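> Before anything else, here's the structure in question.
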Amino acid sequence: MADVILIGGHGKVALLAAPLLVEAGHTVTSVIRNPDHADEVRATGAEPLVLDVEQADETDLAGAFAGKDAVVWSAGAGGGDPARTKAVDRDAAIRSMDAARTAGVDRYVMVSYLGASLDHGVPEDDDFHAYAQAKAEADEHLRGSGLDWTILGPGALTLDEPTGRIAANPSREQVSDSSATSRGNVARTIVAALASGESIGRQVEYVDGDTPIEDVFPA
């Protein structure tokens, strides 16, 4: 079992992932910005760590990662401010990857989104452009980082009850019909990816579907 550090620990996905990781036997440290969220995080079975990743430098992050086995990035600026989106979704994410290497943590799981690519095609005057570009550049850095990486690309996130089943690398028809992805299913893919050696070096895009998650991420 692994000692996992979960960045974005008070996010909706992370709050669902932490107890599943603990149930799977992992030790979890959840990184949060607001100390007022510590009790809620602790209730998931994770140990909260107050650290603002937007402000933390590589040395700060490497110190937090020391002795860990895996980093899971589930943080985000939440949109709305292009400068902050770049600062968190791109710059802080890239620093965390470099810090993982510095700290000797090889395993890194990134929660990205369905369609993330340098060739995303989102025009610069579109409100989504800053996020699309930031995530694409962070993902590209991860692919070249030398880490044992997995990139998860869920579709539009919902609060629907998780089914434990997804459609991996969906066709255009599947995406156009429904790109919805339960946050609970995303949490389950984090756990499954960490347990699957076959997920290393893979970018897996998915929406809610019919295939058991463990079949997509075989142990």
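Residues are referred to by chain and number: the chain letter is A, B, ... according to the order shown in the structure tokens, the number counts from 1 in that chain, and ligands are numbered separately from 1 in the order shown.
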Check the DSSP output for the backbone and give back, as a ChimeraX atom specification, the residues of segment 31-97 of chain A in alpha helix (DSSP H).
/A:38-42,58-65,82-85,93-97
> Listing only residues of segment 70-152 of chain A within 10 Å of segment 18-42 of chain A, what is the closest atom pair and its distance in Å (to one decimal) for each, using only C-alpha atoms, sorted by chain and residue number ascending, as a tab-separated table?

```
residue	atom	partner	partner_atom	distance
A:Ala70	CA	A:Val28	CA	9.7
A:Val71	CA	A:Thr29	CA	9.7
A:Val72	CA	A:Ser30	CA	9.5
A:Trp73	CA	A:Val31	CA	9.8
A:Ser74	CA	A:Val31	CA	9.9
A:Ala75	CA	A:Val31	CA	9.3
```
> Taking only C-alpha atoms into account, which of A:Ala130, A:Leu15, A:Ala156, A:Ile200 comes nearest Pro82 of chain A?
A:Ala130
> Set the distance at 7 Å and use only C-alpha atoms: which residues neighbour segment 134-149 of chain A once local chain neighbours fewer than 6 positions away are removed? I'd like the list as a list in words.
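Those residues are Lys86, Asp89, Arg90, Ala93, Ile94, Met97, Asp106, Arg107, Tyr108, Val109, Ser112, Ala116, Ser117, Leu118, Ile200 and Gly201 of chain A.
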> Could the residues in this selection be saved with C-alpha atoms as a PDB file, in the first residue's frame?

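Generated file (out-v7.pdb):
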```pdb
ATOM      1  CA  LYS A  86      -2.638  29.702 -15.233  1.00  0.00           C
ATOM      2  CA  ASP A  89      -3.703  24.682 -13.203  1.00  0.00           C
ATOM      3  CA  ARG A  90      -0.451  25.166 -15.093  1.00  0.00           C
ATOM      4  CA  ALA A  93       0.881  21.752 -11.257  1.00  0.00           C
ATOM      5  CA  ILE A  94       4.213  21.859 -13.098  1.00  0.00           C
ATOM      6  CA  MET A  97       5.748  17.496 -10.901  1.00  0.00           C
ATOM      7  CA  ASP A 106       7.960   8.500  -9.032  1.00  0.00           C
ATOM      8  CA  ARG A 107       4.196   7.927  -9.184  1.00  0.00           C
ATOM      9  CA  TYR A 108       1.970  10.813 -10.262  1.00  0.00           C
ATOM     10  CA  VAL A 109      -1.719  10.773 -11.152  1.00  0.00           C
ATOM     11  CA  SER A 112      -7.324  16.447 -16.185  1.00  0.00           C
ATOM     12  CA  ALA A 116      -7.240  18.030 -22.923  1.00  0.00           C
ATOM     13  CA  SER A 117      -4.600  18.511 -25.615  1.00  0.00           C
ATOM     14  CA  LEU A 118      -2.272  21.164 -26.966  1.00  0.00           C
ATOM     15  CA  ILE A 200       1.462   4.087 -16.082  1.00  0.00           C
ATOM     16  CA  GLY A 201       2.209   6.162 -19.157  1.00  0.00           C
TER      17      GLY A 201
END
```
> Quick one: residues within 9 Å of Pro212 of chain A, only C-alpha atoms, excluding same-chain residues fewer than 6 positions away - as a VMD selection string?
chain A and resid 163 to 167
> With distances taken over only C-alpha atoms, which of A:Leu6, A:Gly45, A:Tyr113, A:Val122 is nearest to Phe65 of chain A?
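Smallest separation from Phe65 of chain A among the options: A:Leu6.
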> Return as an NGL selection string the full set of residues in segment 12-77 of chain A whose backbone-based DSSP assignment is strand (DSSP E or B).
:A and (27-32 or 47-50 or 70-73)
> Next, write the just-selected residues to a file, as a PDB file, in the first residue's frame, keeping C-alpha atoms as the atom set.

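result-v1.pdb was written with the following content:
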```pdb
ATOM      1  CA  THR A  27      -2.171   6.388   3.949  1.00  0.00           C
ATOM      2  CA  VAL A  28      -3.481   9.716   2.680  1.00  0.00           C
ATOM      3  CA  THR A  29      -2.321  13.275   3.257  1.00  0.00           C
ATOM      4  CA  SER A  30      -4.747  15.824   1.803  1.00  0.00           C
ATOM      5  CA  VAL A  31      -3.313  19.226   0.918  1.00  0.00           C
ATOM      6  CA  ILE A  32      -5.674  22.103   1.642  1.00  0.00           C
ATOM      7  CA  GLU A  47      -4.466  13.740   7.408  1.00  0.00           C
ATOM      8  CA  PRO A  48      -4.840  17.396   6.391  1.00  0.00           C
ATOM      9  CA  LEU A  49      -1.797  19.443   5.408  1.00  0.00           C
ATOM     10  CA  VAL A  50      -2.285  23.198   5.103  1.00  0.00           C
ATOM     11  CA  ALA A  70       2.501   8.876  -4.972  1.00  0.00           C
ATOM     12  CA  VAL A  71       1.172  12.334  -5.794  1.00  0.00           C
ATOM     13  CA  VAL A  72      -2.417  12.810  -6.954  1.00  0.00           C
ATOM     14  CA  TRP A  73      -3.276  16.212  -8.437  1.00  0.00           C
TER      15      TRP A  73
END
```
> With distances taken over only C-alpha atoms, which of A:Arg84, A:Arg202, A:Lys68, A:Lys12 is nearest to Ile151 of chain A?
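Nearest candidate to Ile151 of chain A out of A:Arg84, A:Arg202, A:Lys68, A:Lys12: A:Arg202.
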> List every residue of segment 84-170 of chain A that has an atom at most 6 Å from any atom of segment 178-187 of chain A, giving for each one its closest atom pair and the distance in Å to one decimal, counting only C-alpha atoms, sorted by chain and then by ascending residue number, as a Markdown table.

```
| residue | atom | partner | partner_atom | distance |
| --- | --- | --- | --- | --- |
| A:Gly155 | CA | A:Ser179 | CA | 4.9 |
| A:Ala156 | CA | A:Ala180 | CA | 4.8 |
| A:Leu157 | CA | A:Thr181 | CA | 5.0 |
| A:Thr158 | CA | A:Ser182 | CA | 4.8 |
| A:Leu159 | CA | A:Ser182 | CA | 5.7 |
| A:Asp160 | CA | A:Ser182 | CA | 5.3 |
| A:Pro162 | CA | A:Gly184 | CA | 4.8 |
| A:Gly164 | CA | A:Asn185 | CA | 5.8 |
```
> At a cut-off of 6 Å, using only C-alpha atoms, what residues contact Asp69 of chain A? Leave out same-chain residues fewer than 6 positions from it and give the result as a ChimeraX atom specification.
/A:2-4,105
> Those selected residues, please, written with all heavy atoms and delivered as a compact mmCIF listing (two decimals), in the first residue's frame.

```txt
# COMPACT_ATOMS: atom_id res chain seq x y z
N ALA A 2 0.33 2.34 -0.46
CA ALA A 2 1.12 3.54 -0.70
C ALA A 2 0.81 4.65 0.28
O ALA A 2 -0.28 4.71 0.86
CB ALA A 2 0.87 4.03 -2.13
N ASP A 3 1.80 5.52 0.43
CA ASP A 3 1.62 6.77 1.18
C ASP A 3 1.35 7.84 0.13
O ASP A 3 2.25 8.24 -0.61
CB ASP A 3 2.88 7.07 1.98
CG ASP A 3 2.67 8.15 3.03
OD1 ASP A 3 1.70 8.91 2.91
OD2 ASP A 3 3.49 8.22 3.97
N VAL A 4 0.10 8.29 0.05
CA VAL A 4 -0.37 9.14 -1.04
C VAL A 4 -0.56 10.57 -0.55
O VAL A 4 -1.14 10.79 0.53
CB VAL A 4 -1.70 8.62 -1.60
CG1 VAL A 4 -2.21 9.51 -2.73
CG2 VAL A 4 -1.55 7.17 -2.08
N VAL A 105 9.67 10.94 -5.63
CA VAL A 105 8.34 10.31 -5.72
C VAL A 105 8.05 10.06 -7.20
O VAL A 105 7.79 11.00 -7.95
CB VAL A 105 7.26 11.21 -5.09
CG1 VAL A 105 5.90 10.50 -5.13
CG2 VAL A 105 7.62 11.60 -3.68
```
> What does the structure give for the distance between atom CA of Thr44 of chain A and atom CA of Glu214 of chain A, in Å to one decimal?
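That distance, rounded to one decimal, is 22.6 Å.
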> Expressed in Å to a single decimal, how great is the separation between atom CA of Val111 of chain A and atom CA of Glu54 of chain A?
17.0 Å
